[in-house]
Structure formats: structure tokens, C-alpha cells
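Just below is one structure, and these are the notes that go with it.
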Amino acid sequence: MTPFTSDIVTNPRNLGPVVESLNQDILTKLTRFVHSICQDAPHKPIPSPKVEHLGSINRGTGKSHVLGRLFNSVSTRATRIYFPPFQDPKTAWSHVLHLLVEEFRRPEFNSDSKDPNDPDQLDAFAHGIFGHALAELVDLQRVTVTSKDDVDIVPFLRAGLSDHWDLANPDLPLTKAFHAAFDELEIFLEEQIDTLQSDQQIKCSNLSPILRVLRQYAKNRQDYKTRKLCVMWLKSIPYKGIEAYSEIGLESSEMVQAESENSTIEGNSRQRIIDLCILASYYRPFIFCFDQADYYVNDEDLAGTFASVLDYLHRFAPNQATIIACNKQVWDTIKGSFQEAFLDGISKEINDLRGIQLEQGRELIKLRMGEGEQKKLDYMLDEQWLESQFGATGTVVVRNFLRACETRYLGFEIPLEEADIESVFENRVADLKSNRQQMLTYDAGLLRWIVNEIMILDYPHYQSESFKSKKDYYPIIWESEAEAPIIFGFESGDNNATWGARLREGKRLFDEEQIHTVHLRIAGSRQIPPPSWKIAPQFAEAEEYFRIVTIPFEDIVAMHALRQLTFDAHDKTNDFDPADIMKFGTNELKHISEMVVGKPAPVEVAQPAESEFKDLAEKVEQMVKPALFISMTQVRNQLLTQHKISVTENDILSSCHQMENIEIYTTGNQISLNYQV
């Protein structure tokens with residue numbers, strides 16, 4: 001690793017060195033955009049401004065980096081929420097709510113904190129709402145709070161979470177006053193919110209359970225079990241039995257019903273987001289940052305769903321400012337899947353990021369190298385070499401400049417040991433292990449990627465496709481002429497009724513179509529089924545066609561590391577071939593593939609004759625040209641099904657380099673090919 005290696009921002013809160021002048025005008029504009037909806041609480045719900053678009057002509061100009069700088073610039077004036085792409089149009093709102101709650105759990109004061117007992121954004125959200133409401137009751141003389149030295153405590157309440165106002169400390173006068181007045185405060189808040197939103201198009205659902213959950217979360221900072229129950233309920237996920245939620249003061253009518261259809265769950269998730277946005281009238285606004293929107297370019301359903309999410313948030317979710325990050329050219333294609341009305345809520349002006357200039361490049365080198373060896377620093381700052389990097393235009397894409405710096409840095413000491421995939425992978429695994437919260441957070445997108453891109457390489461007789469059924473429980477199916485179909489489920493919940501419904505659907509699909517079902521769980525998840533369930537014997541009876549596989553912690557970390565290395569390879573931020581990384585990953589996870597699918601039968605895949613490779617470029621062009629944008633996965637599938645040619649991604653990429661009209665894009669989780677008209 002070199003000081004110039006880590007140039008991809010996967011978490012906008014972890015920025016590293018910042019060249020303040022780079023795209024400072026864009027940062028200033030976006031900061032003002034967020035501040036435009038920041039008002040002293042409480043206030044009437046502020047309508048959402050038009051969605052801002054952060055873009056550029058080139059990849060690698062630092063869109064995610066600017067979002068991270070924006071988070072730092074706005075700081076605690078807003079609740080900062082970062083959304084990577086969702087992958088299933090049928091569960092978009094559930095995905096957005098899940099990520100919103102996970103982002104709520106980011107540290108409030110210190111983004112680098114690893115202490116699980118430090119307050120997070122959800123703690124701050126609860127204290128902000130309750131503090132302002134309690135302050136109003138005190139001002140109205142409906143609640144009396146005595147303090148030492150007769151100090152006015154209202155400013156402490158309105159200032160938010162602090163040593164003076166902290167529900168996790170039961171001995172504080174304000175904490176005691178809050179709990180004593182909670183029933184009255186709950187009624188007061190519901191009345192006030194109803195008054196504030198009287199002229200809004202959409203209203204909160206019943207706020208009472210949300211307020212009770214926020215109270216339990218805020219006062220039990222060191223009680224993992226209670227906090228988990230609160231988080232699961234906020235995500236609209238059934239957890240264990242209904243009786244579990246009674247531990248945090250909820251009634252059966254306030255639970256998520258495990259047997260609910262997917263459309264009902266989606267509706268509940270969407271309403272929960274609206275409720276939280278309206279509640280922000282008593283605290284501070286949200287920043288919603290949808291990064292890597294390029295991902296939606298290859299799927300009209302995904303793109304259309306993304307548009308409807310943006311539109312709904314703009315029309316019905318107050319107290320929030322939304323920003324999307326997407327390259328210009330890709331955005332023009334994505335917009336083709338949008339309904340015309342959806343574009344009304346998106347600003348037509350693109351905040352176009354620029355490349356780095358010579359003086360900024362010099363500053364970046366100094367920041368990255370720090371107090372390093374002077375001789376090596378002088379070598380990196382050589383004027384002739386620096387000027388050669390910027391050419392006639394005087395600017396260069398940031399990512400390209402960092403790659404050039406890395407190459408020069410590595411060449412300072414010769415010879416240097418060349419890193420291989422295994423050593424880089426092991427270093428990445430070691431880094432990720434320290435973040436147990438992220439590793440043990442259920443990531444359906446990661447598991448889908450592993451199933452679609454890694455596991456299937458061991459089973460060439462299968463093809464992976466989207467799956468649609470009555471219940472929408474299973475988004476992926478593997479189909480084969482020689483083997484029984486396999487569908488994959490990604491259910492993180494622990495509710496017996498939820499799993500009973502999935503078992504019944506799995507039995508129906510097996511009885512009617514001989515489809516086998518596999519559910520993927522992760523380390524730390526509750527055993528399904530636990531012995532206490534009355535329906536546990538039914539799971540044992542269904543083992544022939546219905547399996548639940550729990551992936552160990554070490555392998556979850558390996559999956560995260562593989563995905564990061566593969567994305568970096570697609571973006572050319574490491575020197576590996578993506579196909580080689582995926583092949584390495586297939587071998588690394590072979591034991592998991594066999595746990596999930598079973599040991600693959602030996603299948604001979606016919607290799608294409610040399611003559612077939614010669615016209616590969618022509619065949620690829622025939623697929624890309626009419627589609628304009630097409631994913632690498634679609635190209636490989638079409639080559640196999642239409643032309644009986646089995647090739648690697650590297651073969652296709654090599655053929656694309658021979659064609660001037662085809663450009664290679666990394667869009668979110670996959671490679672895309674774009675035909676330049």
C-alpha cells in the first residue's frame with residue numbers, strides 16, 4: 001500500500017487528506033442548499049427543495065469525496081444519511097429505510113469512534129425531539145424542573161444531547177423530569193405535530209409507538225438487547241415473536257405482521273420514512289445522499305423505481321434535502337426511464353465537478369505523504385514530472401492523478417516486491433475485521449452479489465435470473481437444463497410467522513415446479529428454526545428442498561473484501577484483472593458454495609474455437625449498439641445462449657479495447673458497456 005492507493009471513498013465519513021480548494025465552490029453551494037432548510041425547532045414542516053445533482057463527465061472526479069466533505073461541513077446541523085444503490089425494485093423502500101436506520105446509528109460527535117456506547121445520530125434525534133418538546137412544556141408551566149443553583153435548564157434542553165441532557169444518565173434532573181412527564185409529553189407532541197403539518201399533503205401515522213421506541217433507545221445506551229429491538233422495529237422487521245416487542249412498550253397492533261404481502265411491507269417502510277421526516281420539524285433536517293446512481297443504468301425497472309423514490313421524497317417528505325451523484329452521460333440514459341412528471345422535482349442544473357490542477361496536485365502529494373522522507377517527497381514533487389501530468393488543459397481527473405502518483409512512488413525504490421491478489425486480499429480482510437458492526441450487519445446486496453457473480457462461476461450449467469412469484473420472497477433463481485432450479489432468499493428477520501410463510505411458499509414451489517429454496521443468513525443471526533418453535537419439525541421435514549445456510553463471520557469478511565477488491569479493479573484503482581479476482585474469490589469461497597448449493601458435478605463447458613474468438617468483438621458490438629448501455633453479465637449470457645461461446649470478462653474487455661465506439665463503465669456493482677453514437 002502507498003499513500004496514494006486508497007482513492008475510492010466507500011464511506012463518505014472516512015475522507016483522509018482534503019485539498020480544500022478542490023471543487024470548493026460546489027461544496028459551498030451544496031452546504032447552502034442544506035442550510036436553506038435548517039431552522040430553529042420547532043417549525044412547520046419545510047417542503048423538500050428540488051433534488052440536487054452532483055455529476056461530472058469523467059469518472060474519478062471525487063463525487064463521493066465531495067459528499068463526505070459536505071457531511072463534515074454541515075456537521076450536526078443536519079442528520080446525515082448516505083445511500084448506496086438498492087438492487088431490487090420490489091423492495092426499494094425497505095432498503096432505503098434499512099439504510100436510513102443504519103446511518104442513524106453512526107456516531108453523532110466523533111465519526112472515528114469505535115465505542116458502541118458513544119451516542120449516535122439516533123440518540124441525538126431522540127434527544128432533540130424530546131428536548132424541544134419538554135422545553136415547551138416547561139415554558140408553558142405544565143412541567144416543573146428543579147435544578148441546582150436555580151439555573152435555567154430550558155437552554156440545555158434546546159441545545160440537544162449533552163452532559164446536562166442525557167436520558168442514558170438516570171440521575172440527571174432533566175432525565176427524571178422527562179420520564180415523569182412522558183405521558184403528557186407524548187400527547188403534547190402528537191398534538192403539536194398535527195398542528196404543524198395541518199397544510200401538508202401527507203400526515204404522520206400514529207406517532208405514539210415511534211416516540212415510545214425512541215425513548216427506549218435513548219435511555220438504554222448500554223443495553224444491546226433493547227437497542228436491537230428498537231432498531232428492528234424502526235426498520236419494520238418482525239423480530240422473534242410478537243411478544244418480544246412488548247419489552248419496549250409496544251402492543252400487538254403496533255407490530256409488523258410477518259405474513260404481510262411485500263406491497264404492505266413496502267408501504268409501511270415508506271410511511272415510516274415520512275413519519276421520521278415530519279418528526280424532524282422538532283429537531284433538525286436530513287441530508288439524503290444517493291451515491292453511485294450510475295448503477296441503475298442497465299435496468300429500466302430499477303431506474304424507474306429510483307425515480308419514483310426521488311419523486312415521492314420530494315413531494316411528501318419534508319425537512320430533507322436530497323442529493324444524487326451520477327456521471328453526466330449515464331444520467332442522460334437513466335432519465336429515459338423516468339416518467340416526465342418525476343423530473344419536475346430534480347434540478348436541471350448539474351453541479352459539475354472539475355479535475356485537479358497543478359498547484360492542488362502539489363498540495364495533495366504533500367498531504368498524502370505527510371512528514372515523510374524528504375528525498376522521496378522531493379522526487380514526487382519534481383516540477384518537470386508534475387507539469388507533464390497536467391498537459392495542455394492544466395487539469396487532470398483526480399483518480400488518474402493519484403494512480404500516476406502511485407506508479408511513480410512505487411518506482412522510487414527498485415526493485416519493489418509486486419503485490420499479488422492474495423496478499424492484498426489478506427490485508428483488506430485484516431482491516432475489515434476490526435469493524436464488527438458493519439461486518440455483522442445483514443447486507444442483502446453483498447449476498448446477492450456473491451450468489452450472482454462469485455458462486456455461479458463454480459456452476460457453469462446454471463444461469464442466474466431475476467425471479468418473480470406470488471409472494472416476492474425470492475429475487476434470484478438459478479436455472480439449468482440438467483439440474484433442479486434453485487431460488488435464493490435473503491431474510492434477516494427472526495419471526496416465526498415470517499419463516500412459516502416462507503416455508504409454505506417454498507413447499508408450494510417445490511410441489512408445483514420442483515424448485516429448491518436456499519436462504520442465506522450471517523453469523524450472529526438467530527438460529528432458524530429455534531427448537532422452541534412449534535413449526536420446527538416442519539423445517540426438518542422440508543430439508544430436501546428448503547435449506548437455511550448461516551455463513552460464518554470469517555467468510556462474511558472475506559466476501560466484503562472480495563467485493564471491494566473487484567470494484568477497485570473495475571475502477572482501475574488496483575492493477576488486477578477483475579476476472580482474476582473473481583476467480584480467486586470463487587476458490588476462496590468454494591466451501592461456502594458447496595454449503596449453499598452442493599458440490600458441483602463435473603460439467604464440461606465447450607471452449608470456443610479460435611475462429612469464434614476472432615469475431616468476438618463484432619458479436620459484442622452487435623449486442624451493445626442497439627442497447628447503448630448493457631451490462632457485462634448480459635453480454636456473457638447472450639454470448640453463451642445465442643452463440644454458444646463461453647468467455648471471461650477479460651476476453652470481452654480485450655475485444656472492447658479494439659473498438660473505438662465502445663466505452664467501458666463501472667456502474668455501482670457491475671461493469672457496463674456503452675456504445676458511443
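Chains: A, B, ... in order of the C-alpha cells. Residues: from 1 per chain. Ligands: from 1, in order shown.
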
For range 67-84 of chain A: contacts at 6 Å, only C-alpha atoms, fewer than 5 positions along chain excluded, given as JSON, numbers by chain: {"A": [12, 13, 103, 284, 285, 286, 287, 288, 289, 290, 291]}

Residues of the last selection are to be written out with N, CA and C atoms, as a PDB file, in the first residue's frame.
```
ATOM      1  N   PRO A  12     -18.374   8.020   2.978  1.00  0.00           N
ATOM      2  CA  PRO A  12     -18.023   9.434   2.846  1.00  0.00           C
ATOM      3  C   PRO A  12     -17.541  10.074   4.135  1.00  0.00           C
ATOM      4  N   ARG A  13     -17.694   9.377   5.260  1.00  0.00           N
ATOM      5  CA  ARG A  13     -17.209   9.946   6.518  1.00  0.00           C
ATOM      6  C   ARG A  13     -15.709   9.721   6.707  1.00  0.00           C
ATOM      7  N   GLU A 103     -27.709   4.291   9.113  1.00  0.00           N
ATOM      8  CA  GLU A 103     -26.995   5.564   9.135  1.00  0.00           C
ATOM      9  C   GLU A 103     -27.308   6.353  10.409  1.00  0.00           C
ATOM     10  N   ARG A 284     -33.876  18.712  13.604  1.00  0.00           N
ATOM     11  CA  ARG A 284     -33.047  19.241  12.519  1.00  0.00           C
ATOM     12  C   ARG A 284     -33.353  18.452  11.252  1.00  0.00           C
ATOM     13  N   PRO A 285     -33.040  18.979  10.067  1.00  0.00           N
ATOM     14  CA  PRO A 285     -33.388  18.285   8.821  1.00  0.00           C
ATOM     15  C   PRO A 285     -32.435  17.126   8.519  1.00  0.00           C
ATOM     16  N   PHE A 286     -32.804  16.381   7.486  1.00  0.00           N
ATOM     17  CA  PHE A 286     -31.963  15.295   6.974  1.00  0.00           C
ATOM     18  C   PHE A 286     -31.235  15.746   5.714  1.00  0.00           C
ATOM     19  N   ILE A 287     -30.036  15.184   5.488  1.00  0.00           N
ATOM     20  CA  ILE A 287     -29.423  15.181   4.155  1.00  0.00           C
ATOM     21  C   ILE A 287     -29.518  13.751   3.654  1.00  0.00           C
ATOM     22  N   PHE A 288     -30.183  13.542   2.526  1.00  0.00           N
ATOM     23  CA  PHE A 288     -30.236  12.236   1.881  1.00  0.00           C
ATOM     24  C   PHE A 288     -29.300  12.260   0.673  1.00  0.00           C
ATOM     25  N   CYS A 289     -28.231  11.486   0.720  1.00  0.00           N
ATOM     26  CA  CYS A 289     -27.259  11.437  -0.381  1.00  0.00           C
ATOM     27  C   CYS A 289     -27.329  10.072  -1.059  1.00  0.00           C
ATOM     28  N   PHE A 290     -27.844  10.047  -2.280  1.00  0.00           N
ATOM     29  CA  PHE A 290     -27.930   8.814  -3.065  1.00  0.00           C
ATOM     30  C   PHE A 290     -26.710   8.751  -3.986  1.00  0.00           C
ATOM     31  N   ASP A 291     -25.728   7.957  -3.593  1.00  0.00           N
ATOM     32  CA  ASP A 291     -24.476   7.863  -4.349  1.00  0.00           C
ATOM     33  C   ASP A 291     -24.554   6.715  -5.350  1.00  0.00           C
TER      34      ASP A 291
END
```

Taking the DSSP assignment computed from this structure's backbone, write out as a PyMOL selection string all residues of range 57-164 of chain A that belong to helix (DSSP H, G or I). chain A and resi 63-77+89-104+121-139+148-150+154-159

How many Å lie between CA of Gln192 in chain A and CA of Pro107 in chain A, rounded to one decimal? 29.1 Å

Quick one: everything within 12 Å of Ile153 in chain A, counting only C-alpha atoms, minus sequence neighbours fewer than 3 positions away in the same chain. Send it as a list in words.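 The neighbour list is Gly131, His132, Leu134, Ala135, Glu136, Val138, Asp139, Thr144, Val145, Thr146, Ser147, Lys148, Asp149, Asp150, Phe156, Leu157, Arg158, Ala159, Gly160, His164, Trp165, Leu172, Pro173, Leu174, Thr175 and Ala177 of chain A.
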
Next, the residues of the selection above should be written as a CSV table (one decimal), in the first residue's frame with N, CA and C atoms.
```
chain,number,residue,atom,x,y,z
A,131,GLY,N,-36.2,17.0,23.8
A,131,GLY,CA,-35.7,18.2,24.5
A,131,GLY,C,-36.5,19.4,24.1
A,132,HIS,N,-36.8,19.6,22.8
A,132,HIS,CA,-37.6,20.8,22.4
A,132,HIS,C,-39.0,20.7,23.0
A,134,LEU,N,-40.1,19.0,25.7
A,134,LEU,CA,-40.0,19.3,27.2
A,134,LEU,C,-39.8,20.7,27.5
A,135,ALA,N,-39.0,21.4,26.7
A,135,ALA,CA,-38.7,22.8,26.9
A,135,ALA,C,-40.0,23.6,26.7
A,136,GLU,N,-40.8,23.3,25.7
A,136,GLU,CA,-42.1,24.0,25.5
A,136,GLU,C,-43.0,23.7,26.7
A,138,VAL,N,-42.1,23.2,29.8
A,138,VAL,CA,-41.6,24.0,30.9
A,138,VAL,C,-42.0,25.4,30.7
A,139,ASP,N,-41.8,25.9,29.5
A,139,ASP,CA,-42.2,27.3,29.2
A,139,ASP,C,-43.7,27.6,29.4
A,144,THR,N,-42.6,21.2,35.8
A,144,THR,CA,-41.7,21.9,36.6
A,144,THR,C,-40.4,21.1,36.8
A,145,VAL,N,-39.3,21.7,36.5
A,145,VAL,CA,-38.0,21.0,36.7
A,145,VAL,C,-37.1,21.9,37.6
A,146,THR,N,-36.7,21.3,38.7
A,146,THR,CA,-35.8,22.0,39.6
A,146,THR,C,-34.4,21.6,39.3
A,147,SER,N,-33.5,22.6,39.4
A,147,SER,CA,-32.1,22.3,39.1
A,147,SER,C,-31.3,23.0,40.2
A,148,LYS,N,-30.1,22.4,40.4
A,148,LYS,CA,-29.2,23.0,41.4
A,148,LYS,C,-28.8,24.4,41.0
A,149,ASP,N,-28.7,25.3,42.0
A,149,ASP,CA,-28.3,26.7,41.8
A,149,ASP,C,-29.3,27.5,41.0
A,150,ASP,N,-30.5,26.9,40.9
A,150,ASP,CA,-31.6,27.6,40.3
A,150,ASP,C,-31.2,28.1,38.8
A,156,PHE,N,-30.5,24.1,27.9
A,156,PHE,CA,-29.9,22.8,27.8
A,156,PHE,C,-30.7,21.8,27.0
A,157,LEU,N,-32.0,21.9,27.3
A,157,LEU,CA,-33.0,21.0,26.5
A,157,LEU,C,-32.9,21.4,25.0
A,158,ARG,N,-32.9,22.6,24.7
A,158,ARG,CA,-32.9,23.0,23.3
A,158,ARG,C,-31.6,22.8,22.6
A,159,ALA,N,-30.5,22.7,23.4
A,159,ALA,CA,-29.2,22.5,22.8
A,159,ALA,C,-28.9,21.1,22.4
A,160,GLY,N,-29.8,20.2,22.8
A,160,GLY,CA,-29.6,18.8,22.4
A,160,GLY,C,-28.8,18.0,23.3
A,164,HIS,N,-25.7,17.5,30.3
A,164,HIS,CA,-26.8,18.0,31.1
A,164,HIS,C,-28.1,17.4,30.7
A,165,TRP,N,-28.2,17.0,29.5
A,165,TRP,CA,-29.5,16.4,29.0
A,165,TRP,C,-29.1,15.1,28.2
A,172,LEU,N,-29.8,12.5,36.3
A,172,LEU,CA,-29.9,13.9,35.9
A,172,LEU,C,-31.3,14.4,36.2
A,173,PRO,N,-31.4,15.6,36.7
A,173,PRO,CA,-32.8,16.2,37.0
A,173,PRO,C,-33.6,16.2,35.7
A,174,LEU,N,-33.0,16.5,34.6
A,174,LEU,CA,-33.8,16.6,33.3
A,174,LEU,C,-34.3,15.2,32.9
A,175,THR,N,-33.5,14.2,33.2
A,175,THR,CA,-34.0,12.8,32.8
A,175,THR,C,-35.1,12.4,33.7
A,177,ALA,N,-37.3,14.4,35.2
A,177,ALA,CA,-38.4,15.2,34.8
A,177,ALA,C,-39.1,14.7,33.5
```

If you count only C-alpha atoms, which residues fall within 8 Å of range 423-431 of chain A, apart from same-chain ones fewer than 5 positions away, as a list in words?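 So the residues in contact are Val557, Ala558, Ala561, Leu562 and Leu565 of chain A.
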
I'd like to know which of A:Ala392, A:Tyr283, A:Phe401, A:Ile46 is closest to Gly355 in chain A, using only C-alpha atoms.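 Under the stated criterion, the closest residue is A:Phe401.
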
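When DSSP is run on the backbone, the residues of range 48-90 of chain A that fall into strand (DSSP E or B) are Val51, Glu52, His53, Leu54, Gly55, Thr79, Arg80, Ile81, Tyr82 and Phe83 of chain A.
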
Of the residues A:Met559, A:Leu673, A:Met595, A:Ile323, which is the one nearest to Lys50 in chain A, using only C-alpha atoms?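 Ranked by minimum distance to Lys50 in chain A, first place goes to A:Ile323.
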